[in-house]
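K.L.:
My structure is stored as start-v8.txt, with compact mmCIF, C-alpha atoms and all ligand atoms.
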# COMPACT_ATOMS: atom_id res chain seq x y z
CA MET A 1 -15.83 21.09 -51.62
CA LEU A 2 -15.21 22.26 -48.02
CA GLU A 3 -16.62 20.38 -45.08
CA LEU A 4 -16.33 20.77 -41.33
CA LYS A 5 -17.82 18.11 -39.12
CA ASN A 6 -18.25 18.60 -35.35
CA VAL A 7 -15.20 20.83 -35.19
CA THR A 8 -14.18 22.19 -31.82
CA HIS A 9 -11.00 24.19 -31.44
CA GLN A 10 -9.31 26.07 -28.64
CA PHE A 11 -5.96 27.82 -28.32
CA HIS A 12 -6.08 27.90 -24.51
CA LYS A 13 -7.48 25.24 -22.22
CA ASP A 14 -11.18 25.65 -21.43
CA GLU A 15 -11.54 28.61 -23.81
CA PRO A 16 -13.06 27.13 -26.97
CA VAL A 17 -12.82 29.47 -29.96
CA LEU A 18 -15.06 27.31 -32.13
CA GLN A 19 -17.57 24.79 -30.80
CA GLN A 20 -19.24 21.92 -32.60
CA ILE A 21 -19.05 23.53 -36.03
CA SER A 22 -20.54 21.52 -38.88
CA LEU A 23 -20.94 23.05 -42.31
CA HIS A 24 -20.52 22.32 -45.97
CA VAL A 25 -19.58 24.69 -48.76
CA ALA A 26 -20.40 23.44 -52.26
CA GLU A 27 -18.22 23.92 -55.31
CA GLY A 28 -18.83 27.30 -56.91
CA GLU A 29 -20.65 28.71 -53.91
CA PHE A 30 -19.99 32.19 -52.45
CA VAL A 31 -20.45 32.08 -48.69
CA ALA A 32 -20.02 34.97 -46.27
CA VAL A 33 -19.12 34.40 -42.63
CA ILE A 34 -20.20 37.25 -40.39
CA GLY A 35 -19.71 37.88 -36.72
CA ARG A 36 -18.23 40.27 -34.22
CA SER A 37 -14.52 40.65 -33.68
CA GLY A 38 -13.30 37.60 -31.79
CA ALA A 39 -16.23 35.42 -32.90
CA GLY A 40 -13.83 32.95 -34.53
CA LYS A 41 -14.08 33.92 -38.23
CA THR A 42 -10.35 33.94 -38.95
CA THR A 43 -9.81 30.68 -37.10
CA LEU A 44 -12.59 29.11 -39.16
CA LEU A 45 -10.89 30.25 -42.38
CA LYS A 46 -7.56 28.85 -41.22
CA LEU A 47 -9.20 25.48 -40.55
CA PHE A 48 -10.35 25.32 -44.16
CA ASN A 49 -6.79 25.30 -45.51
CA GLY A 50 -5.04 23.40 -42.74
CA MET A 51 -3.21 26.41 -41.26
CA VAL A 52 -4.96 25.39 -38.04
CA MET A 53 -5.79 21.75 -37.31
CA PRO A 54 -8.83 21.18 -35.09
CA GLN A 55 -8.57 19.48 -31.74
CA GLN A 56 -11.82 17.67 -32.37
CA GLY A 57 -13.78 16.93 -35.50
CA THR A 58 -12.73 16.74 -39.14
CA VAL A 59 -12.03 19.15 -41.98
CA ARG A 60 -12.34 17.85 -45.51
CA VAL A 61 -11.39 19.54 -48.75
CA ASP A 62 -12.77 17.79 -51.81
CA GLY A 63 -13.44 14.76 -49.61
CA GLU A 64 -9.90 14.54 -48.21
CA CYS A 65 -9.45 14.80 -44.46
CA LEU A 66 -6.68 17.35 -43.80
CA SER A 67 -5.52 15.86 -40.52
CA GLN A 68 -5.07 12.44 -42.09
CA CYS A 69 -3.12 13.28 -45.21
CA SER A 70 0.67 13.48 -45.51
CA ARG A 71 2.50 16.82 -45.34
CA LYS A 72 3.18 16.59 -49.06
CA ARG A 73 -0.47 15.99 -49.84
CA LEU A 74 -1.50 18.81 -47.51
CA ARG A 75 0.78 21.20 -49.45
CA GLN A 76 -0.79 20.02 -52.72
CA ILE A 77 -4.27 20.68 -51.34
CA GLN A 78 -3.18 24.08 -50.04
CA GLN A 79 -2.05 25.01 -53.55
CA LYS A 80 -5.66 24.82 -54.66
CA ILE A 81 -6.65 27.31 -51.97
CA ALA A 82 -5.71 30.98 -52.16
CA VAL A 83 -6.02 33.31 -49.19
CA ILE A 84 -6.71 37.01 -49.49
CA TYR A 85 -6.06 39.16 -46.44
CA GLN A 86 -7.29 42.52 -45.22
CA ASP A 87 -3.71 43.85 -45.28
CA PHE A 88 -2.99 42.30 -48.73
CA CYS A 89 0.16 40.32 -47.77
CA LEU A 90 2.11 41.39 -50.83
CA VAL A 91 5.82 42.17 -51.16
CA SER A 92 5.75 45.98 -51.21
CA GLU A 93 9.18 46.45 -52.76
CA SER A 94 8.45 44.13 -55.67
CA THR A 95 6.43 44.97 -58.74
CA ALA A 96 2.82 43.96 -59.27
CA LEU A 97 3.97 41.41 -61.88
CA GLU A 98 6.55 39.87 -59.53
CA ASN A 99 3.91 39.52 -56.83
CA VAL A 100 1.55 37.79 -59.23
CA LEU A 101 4.36 35.47 -60.30
CA HIS A 102 4.66 34.34 -56.69
CA GLY A 103 1.36 32.55 -57.30
CA ALA A 104 3.28 30.18 -59.59
CA LEU A 105 6.09 29.48 -57.12
CA TYR A 106 5.09 25.94 -56.37
CA ARG A 107 5.10 25.02 -60.04
CA ASN A 108 8.71 26.15 -60.47
CA PRO A 109 11.96 24.55 -59.32
CA PHE A 110 13.69 26.16 -56.36
CA TRP A 111 16.61 27.62 -58.37
CA ARG A 112 14.20 29.40 -60.68
CA VAL A 113 12.42 31.00 -57.77
CA MET A 114 15.71 32.02 -56.11
CA THR A 115 17.08 33.62 -59.26
CA GLY A 116 13.76 35.21 -60.20
CA CYS A 117 14.16 33.50 -63.55
CA PHE A 118 10.60 32.59 -64.36
CA MET A 119 9.54 30.97 -67.61
CA GLU A 120 8.40 33.34 -70.30
CA GLN A 121 5.15 31.43 -70.31
CA ASP A 122 4.62 32.27 -66.63
CA SER A 123 5.28 35.97 -67.24
CA LYS A 124 2.67 35.90 -69.98
CA LYS A 125 0.15 34.23 -67.68
CA ALA A 126 0.90 36.76 -64.93
CA GLN A 127 0.32 39.61 -67.40
CA GLU A 128 -2.99 38.01 -68.34
CA ALA A 129 -3.98 37.69 -64.68
CA LEU A 130 -3.22 41.39 -64.14
CA ALA A 131 -5.27 42.28 -67.21
CA LYS A 132 -8.13 40.19 -65.83
CA VAL A 133 -8.23 42.32 -62.67
CA GLY A 134 -7.98 45.55 -64.64
CA LEU A 135 -4.32 46.26 -63.91
CA ALA A 136 -2.65 45.59 -67.27
CA GLY A 137 -0.92 48.96 -67.14
CA LYS A 138 0.49 48.46 -63.64
CA ALA A 139 2.66 45.37 -64.18
CA ASP A 140 5.93 47.21 -63.54
CA ALA A 141 4.66 49.44 -60.74
CA LEU A 142 6.05 48.77 -57.27
CA VAL A 143 3.28 47.50 -55.01
CA SER A 144 4.20 50.23 -52.50
CA THR A 145 3.01 52.83 -55.04
CA LEU A 146 -0.42 51.23 -55.61
CA SER A 147 -3.71 52.18 -53.94
CA GLY A 148 -5.36 49.78 -51.50
CA GLY A 149 -7.91 48.65 -54.09
CA GLU A 150 -5.15 48.02 -56.64
CA LYS A 151 -3.14 46.05 -54.08
CA GLN A 152 -6.10 43.80 -53.35
CA ARG A 153 -6.62 43.26 -57.07
CA VAL A 154 -2.94 42.22 -57.35
CA ALA A 155 -3.63 39.70 -54.58
CA ILE A 156 -6.59 38.38 -56.58
CA ALA A 157 -4.41 38.15 -59.71
CA ARG A 158 -1.90 36.15 -57.64
CA ALA A 159 -4.73 33.77 -56.65
CA LEU A 160 -5.61 33.36 -60.34
CA MET A 161 -1.96 32.67 -61.13
CA GLN A 162 -1.99 30.03 -58.41
CA GLN A 163 -4.86 28.40 -60.32
CA ALA A 164 -6.69 28.15 -57.02
CA CYS A 165 -10.23 26.83 -57.15
CA ILE A 166 -11.05 28.02 -53.64
CA ILE A 167 -10.55 31.58 -52.41
CA LEU A 168 -10.62 32.30 -48.69
CA ALA A 169 -10.97 36.04 -48.17
CA ASP A 170 -10.46 37.36 -44.64
CA GLU A 171 -12.18 40.74 -44.48
CA PRO A 172 -10.78 41.55 -47.92
CA VAL A 173 -12.18 45.06 -48.21
CA ALA A 174 -12.12 46.20 -44.58
CA SER A 175 -9.20 48.58 -45.29
CA LEU A 176 -10.63 50.03 -48.51
CA ASP A 177 -12.77 53.05 -49.29
CA PRO A 178 -16.36 52.23 -50.35
CA VAL A 179 -15.73 52.59 -54.10
CA ALA A 180 -12.61 50.42 -54.09
CA ALA A 181 -14.41 47.92 -51.83
CA GLU A 182 -17.27 47.53 -54.33
CA GLN A 183 -14.77 47.11 -57.20
CA VAL A 184 -12.91 44.34 -55.39
CA LEU A 185 -16.09 42.52 -54.33
CA SER A 186 -17.60 42.79 -57.83
CA LEU A 187 -14.37 41.35 -59.21
CA LEU A 188 -14.47 38.43 -56.77
CA LYS A 189 -18.11 37.83 -57.64
CA SER A 190 -17.52 37.87 -61.40
CA LEU A 191 -14.55 35.49 -61.07
CA GLN A 192 -16.62 33.16 -58.91
CA LEU A 193 -19.30 33.02 -61.60
CA GLU A 194 -16.95 32.87 -64.58
CA LYS A 195 -14.49 30.32 -63.21
CA ASN A 196 -16.82 28.49 -60.83
CA LEU A 197 -14.57 29.42 -57.91
CA THR A 198 -15.63 28.60 -54.38
CA VAL A 199 -15.38 31.72 -52.24
CA VAL A 200 -15.59 31.99 -48.46
CA MET A 201 -15.43 35.59 -47.28
CA ASN A 202 -15.23 36.81 -43.71
CA SER A 203 -16.89 40.15 -43.34
CA HIS A 204 -17.98 42.70 -40.80
CA ASN A 205 -20.27 44.30 -43.30
CA THR A 206 -23.71 42.67 -43.42
CA ARG A 207 -24.80 44.69 -46.45
CA GLN A 208 -21.81 43.54 -48.48
CA ALA A 209 -22.31 39.96 -47.28
CA ALA A 210 -25.95 40.04 -48.41
CA GLN A 211 -25.12 41.65 -51.75
CA TYR A 212 -22.28 39.40 -52.88
CA ALA A 213 -22.73 36.04 -51.14
CA GLU A 214 -25.43 33.47 -51.79
CA ARG A 215 -25.41 32.23 -48.24
CA ILE A 216 -24.48 33.73 -44.89
CA ILE A 217 -23.13 31.94 -41.86
CA GLY A 218 -23.47 33.87 -38.60
CA LEU A 219 -20.90 33.11 -35.90
CA ARG A 220 -21.27 34.25 -32.34
CA GLN A 221 -18.72 33.33 -29.69
CA GLY A 222 -17.56 30.36 -31.70
CA VAL A 223 -21.00 28.92 -32.39
CA ILE A 224 -23.00 29.04 -35.63
CA VAL A 225 -26.21 30.87 -34.78
CA LYS A 226 -27.59 30.84 -38.30
CA ASP A 227 -26.55 29.29 -41.63
CA ALA A 228 -28.98 30.14 -44.40
CA PRO A 229 -29.38 31.61 -47.90
CA VAL A 230 -29.23 35.40 -48.02
CA SER A 231 -32.99 35.56 -48.64
CA ALA A 232 -33.62 34.01 -45.22
CA TRP A 233 -31.68 36.72 -43.34
CA ASP A 234 -33.59 39.64 -41.88
CA ASP A 235 -32.87 42.32 -39.27
CA ALA A 236 -33.78 39.94 -36.45
CA SER A 237 -31.25 37.36 -37.70
CA PHE A 238 -28.49 39.95 -37.98
CA ALA A 239 -29.35 41.11 -34.45
CA MET A 240 -28.92 37.52 -33.24
CA VAL A 241 -25.32 37.66 -34.48
CA TYR A 242 -24.42 41.21 -33.52
CA GLY A 243 -26.96 42.43 -30.98
CA GLY A 244 -26.92 42.57 -27.19
CA ALA A 245 -24.09 42.08 -24.76
CA LYS A 246 -21.31 39.66 -25.61
N1 LIG B 301 -3.08 31.97 -32.52
C1 LIG B 301 -3.89 32.23 -31.50
N2 LIG B 301 -3.50 32.00 -30.21
C2 LIG B 301 -4.33 32.25 -29.19
N3 LIG B 301 -5.58 32.72 -29.30
C3 LIG B 301 -6.02 32.99 -30.53
C4 LIG B 301 -5.22 32.76 -31.70
N4 LIG B 301 -5.93 33.11 -32.80
C5 LIG B 301 -7.12 33.54 -32.34
N5 LIG B 301 -7.19 33.47 -31.00
C6 LIG B 301 -8.35 33.83 -30.18
O1 LIG B 301 -9.48 33.17 -30.71
C7 LIG B 301 -10.61 34.02 -30.68
C8 LIG B 301 -11.21 34.16 -32.07
O2 LIG B 301 -10.28 34.85 -32.89
P1 LIG B 301 -10.48 35.02 -34.44
O3 LIG B 301 -10.67 33.71 -35.07
O4 LIG B 301 -9.32 35.84 -34.93
O5 LIG B 301 -11.83 35.86 -34.52
P2 LIG B 301 -12.35 36.91 -35.60
O6 LIG B 301 -11.62 36.69 -36.87
O7 LIG B 301 -13.82 36.64 -35.70
O8 LIG B 301 -12.09 38.27 -35.01
C9 LIG B 301 -10.17 35.32 -30.07
O9 LIG B 301 -10.49 35.31 -28.70
C10 LIG B 301 -8.67 35.31 -30.26
O10 LIG B 301 -8.02 36.04 -29.25
MG MG B 302 -10.50 37.95 -38.04
Translate this file's structure into structure tokens.
Ligand SMILES: Nc1ncnc2c1ncn2[C@@H]1O[C@H](COP(=O)(O)OP(=O)(O)O)[C@@H](O)[C@H]1O
Ligand SMILES: [Mg+2]
P.N.:
Amino acid sequence: MLELKNVTHQFHKDEPVLQQISLHVAEGEFVAVIGRSGAGKTTLLKLFNGMVMPQQGTVRVDGECLSQCSRKRLRQIQQKIAVIYQDFCLVSESTALENVLHGALYRNPFWRVMTGCFMEQDSKKAQEALAKVGLAGKADALVSTLSGGEKQRVAIARALMQQACIILADEPVASLDPVAAEQVLSLLKSLQLEKNLTVVMNSHNTRQAAQYAERIIGLRQGVIVKDAPVSAWDDASFAMVYGGAK
């Protein structure tokens, strides 16, 4: 589903952010990427959906090489991939329903988007997506009035509306209290299982990574130090990723 082969990337000359990264994420898999701040987790996520193109190596989504396809094709591939951010990236002054409807933007003609005149069918689907994340009663609430956990669930509903089959989650619960964090991660997990979604989650939290993912990739200074099923991770492996001086 997602494949990186010998990927090396740098933003500044002679300061590689990711070095010789090769990995494969299978369809329906839930993978956590862990590592200190600055290890390269966000850059790795951006490579998966073509927001960043690597200087060396190849990125393939469903077999298609992102740097070789046309802009139009890249946009089509990106529509299959939803991104969920730590700070939600929602429109605060719009309602939960309107934000979810944004997930259907690409399926609608420009005038419809500009006038906010969505098809009745889309509104129904957006309501269903909100119900799926437990927010049926919040459709008309302004996002600015929602709690952090509710905002992240709106972002997940938007991903469902997008009909994405891959979810890239960049520290999705880092801003949430522990109860809301568990709710959001349980929701992601149940959607992964129910809809066979592929999930890649960046996380600082090794306990959450081990609880919700099937496999953990440890990044340290742009290099994969361990890529293994959760059962093969122990304290010594986590120390390899986080321990010692930088
Ligand atoms: N757009 C950018 N321009 C320049 N440097 C960047 C950019 N994005 C990330 N970096 C640098 O790349 C390194 C890895 O960053 P990042 O991928 O955000 O790591 P993480 O998500 O693990 O904290 C950091 O040193 C960061 O400063
Ligand atoms: Mg990051």
K.L.:
So how many Å separate CA of Pro178 (chain A) and CA of Lys41 (chain A), to one decimal?
P.N.:
22.1 Å
K.L.:
Using only C-alpha atoms and all ligand atoms, which protein or nucleic acid residues are at most 8 Å from ligand LIG 301 (chain B), as a PDB file with C-alpha atoms, in the coordinates of the input?
P.N.:
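Below you can see pocket.pdb, which holds the result:
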ATOM      1  CA  GLN A  10      -9.310  26.070 -28.640  1.00  0.00           C
ATOM      2  CA  PHE A  11      -5.960  27.820 -28.320  1.00  0.00           C
ATOM      3  CA  HIS A  12      -6.080  27.900 -24.510  1.00  0.00           C
ATOM      4  CA  PRO A  16     -13.060  27.130 -26.970  1.00  0.00           C
ATOM      5  CA  VAL A  17     -12.820  29.470 -29.960  1.00  0.00           C
ATOM      6  CA  LEU A  18     -15.060  27.310 -32.130  1.00  0.00           C
ATOM      7  CA  ILE A  34     -20.200  37.250 -40.390  1.00  0.00           C
ATOM      8  CA  GLY A  35     -19.710  37.880 -36.720  1.00  0.00           C
ATOM      9  CA  ARG A  36     -18.230  40.270 -34.220  1.00  0.00           C
ATOM     10  CA  SER A  37     -14.520  40.650 -33.680  1.00  0.00           C
ATOM     11  CA  GLY A  38     -13.300  37.600 -31.790  1.00  0.00           C
ATOM     12  CA  ALA A  39     -16.230  35.420 -32.900  1.00  0.00           C
ATOM     13  CA  GLY A  40     -13.830  32.950 -34.530  1.00  0.00           C
ATOM     14  CA  LYS A  41     -14.080  33.920 -38.230  1.00  0.00           C
ATOM     15  CA  THR A  42     -10.350  33.940 -38.950  1.00  0.00           C
ATOM     16  CA  THR A  43      -9.810  30.680 -37.100  1.00  0.00           C
ATOM     17  CA  LEU A  44     -12.590  29.110 -39.160  1.00  0.00           C
ATOM     18  CA  ASP A 170     -10.460  37.360 -44.640  1.00  0.00           C
ATOM     19  CA  ASN A 202     -15.230  36.810 -43.710  1.00  0.00           C
ATOM     20  CA  LEU A 219     -20.900  33.110 -35.900  1.00  0.00           C
ATOM     21  CA  GLN A 221     -18.720  33.330 -29.690  1.00  0.00           C
ATOM     22  CA  GLY A 222     -17.560  30.360 -31.700  1.00  0.00           C
TER      23      GLY A 222
END
K.L.:
Between A:Lys132, A:Lys151, A:His204, A:His24, which has the minimum distance to ligand MG 302 (chain B) (counting all atoms listed in the file)?
P.N.:
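That would be A:His204, the residue with the smallest distance to ligand MG 302 (chain B).
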K.L.:
Smallest atom-to-atom distance to ligand MG 302 (chain B): which of A:Pro229, A:Gly50, A:Gly244, A:Pro172, using all atoms listed in the file?
P.N.:
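Smallest separation from ligand MG 302 (chain B) among the options: A:Pro172.
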K.L.:
Measuring between all atoms listed in the file, which one of A:Glu214, A:Glu29, A:Asp14, A:Glu3 shows the shortest distance to Val199 (chain A)?
P.N.:
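So, comparing all the options, the nearest one is A:Glu29.
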K.L.:
In terms of the shortest atom-to-atom distance over all atoms listed in the file, which of A:Gln211, A:Ser203, A:Asn49, A:Ser123 is closest to ligand MG 302 (chain B)?
P.N.:
A:Ser203
K.L.:
Can you tell me how far CA of Cys65 (chain A) sits from CA of Ala159 (chain A), in Å to one decimal?
P.N.:
23.0 Å
K.L.:
Could you please determine the separation between CA of Lys80 (chain A) and CA of Val33 (chain A) in Å, to one decimal place?
P.N.:
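Straight-line distance from CA of Lys80 (chain A) to CA of Val33 (chain A) works out to 20.4 Å.
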K.L.:
Between A:Ala26, A:Leu187, A:Ala239, A:Val154, which has the minimum distance to Ser94 (chain A) (counting all atoms listed in the file)?
P.N.:
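Looking at the shortest contact to Ser94 (chain A), the residue is A:Val154.
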K.L.:
When you look at Phe48 (chain A) with a cut-off of 9 Å (counting only C-alpha atoms), what residues show up, excluding the ones that are within fewer than 2 positions of it in the same chain? I need them as a ChimeraX atom specification.
P.N.:
/A:2-4,43-46,50-53,59-61,66,81,168
K.L.:
Have a look at A:Leu105, A:Ala174, A:Gly28, A:Asn6 and name the one nearest to ligand MG 302 (chain B); count only C-alpha atoms and all ligand atoms.
P.N.:
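That would be A:Ala174, the residue with the smallest distance to ligand MG 302 (chain B).
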K.L.:
Extract region 32-110 of chain A from the structure I just pasted (atoms: C-alpha atoms) and return it as a compact mmCIF listing (two decimals), in the first residue's frame.
P.N.:
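The result, written out as part13.txt:
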# COMPACT_ATOMS: atom_id res chain seq x y z
CA ALA A 32 3.20 3.65 14.67
CA VAL A 33 6.30 5.73 14.01
CA ILE A 34 8.07 6.78 17.18
CA GLY A 35 11.07 8.96 17.78
CA ARG A 36 12.26 12.09 19.50
CA SER A 37 11.32 15.54 18.34
CA GLY A 38 13.27 16.29 15.18
CA ALA A 39 13.82 12.61 14.34
CA GLY A 40 12.04 13.06 11.01
CA LYS A 41 8.57 11.62 11.76
CA THR A 42 6.56 14.45 10.19
CA THR A 43 8.78 14.53 7.12
CA LEU A 44 8.28 10.78 6.72
CA LEU A 45 4.49 11.25 6.85
CA LYS A 46 4.66 14.04 4.27
CA LEU A 47 6.62 11.76 1.93
CA PHE A 48 3.80 9.22 2.03
CA ASN A 49 1.30 11.62 0.47
CA GLY A 50 3.61 13.57 -1.81
CA MET A 51 3.60 16.79 0.25
CA VAL A 52 7.37 16.33 0.25
CA MET A 53 9.16 14.66 -2.67
CA PRO A 54 12.39 12.85 -1.78
CA GLN A 55 15.72 13.89 -3.23
CA GLN A 56 16.73 10.27 -3.56
CA GLY A 57 14.78 7.06 -3.62
CA THR A 58 11.15 6.33 -4.46
CA VAL A 59 7.78 6.56 -2.73
CA ARG A 60 5.00 4.36 -4.01
CA VAL A 61 1.33 4.38 -3.07
CA ASP A 62 -0.53 1.31 -4.28
CA GLY A 63 2.38 0.62 -6.62
CA GLU A 64 2.43 4.09 -8.19
CA CYS A 65 5.59 6.14 -7.91
CA LEU A 66 4.61 9.63 -6.70
CA SER A 67 7.50 11.46 -8.33
CA GLN A 68 6.69 9.97 -11.71
CA CYS A 69 2.97 10.57 -11.95
CA SER A 70 1.28 13.69 -13.36
CA ARG A 71 0.02 16.47 -11.08
CA LYS A 72 -3.53 15.38 -11.80
CA ARG A 73 -2.79 11.79 -10.88
CA LEU A 74 -0.94 12.91 -7.75
CA ARG A 75 -4.06 14.83 -6.64
CA GLN A 76 -6.19 11.73 -7.27
CA ILE A 77 -3.84 9.63 -5.14
CA GLN A 78 -3.82 12.29 -2.42
CA GLN A 79 -7.61 12.08 -2.26
CA LYS A 80 -7.27 8.53 -1.01
CA ILE A 81 -5.05 9.71 1.82
CA ALA A 82 -6.39 11.71 4.76
CA VAL A 83 -4.12 13.52 7.19
CA ILE A 84 -4.98 14.13 10.81
CA TYR A 85 -2.94 16.71 12.69
CA GLN A 86 -2.15 17.39 16.33
CA ASP A 87 -3.81 20.81 16.04
CA PHE A 88 -6.83 19.41 14.13
CA CYS A 89 -6.65 21.75 11.08
CA LEU A 90 -10.37 22.47 11.06
CA VAL A 91 -12.19 25.71 10.21
CA SER A 92 -13.06 26.97 13.70
CA GLU A 93 -15.82 29.35 12.61
CA SER A 94 -17.66 26.69 10.62
CA THR A 95 -19.90 24.01 12.03
CA ALA A 96 -18.84 20.41 12.57
CA LEU A 97 -21.04 19.37 9.63
CA GLU A 98 -19.50 21.97 7.30
CA ASN A 99 -16.02 20.79 8.24
CA VAL A 100 -16.95 17.19 7.50
CA LEU A 101 -18.41 18.27 4.16
CA HIS A 102 -14.99 19.65 3.23
CA GLY A 103 -13.95 16.00 2.94
CA ALA A 104 -16.17 15.81 -0.15
CA LEU A 105 -14.80 18.95 -1.80
CA TYR A 106 -12.96 17.18 -4.55
CA ARG A 107 -16.07 15.33 -5.62
CA ASN A 108 -18.02 18.56 -6.11
CA PRO A 109 -17.79 21.19 -8.84
CA PHE A 110 -16.10 24.45 -7.90
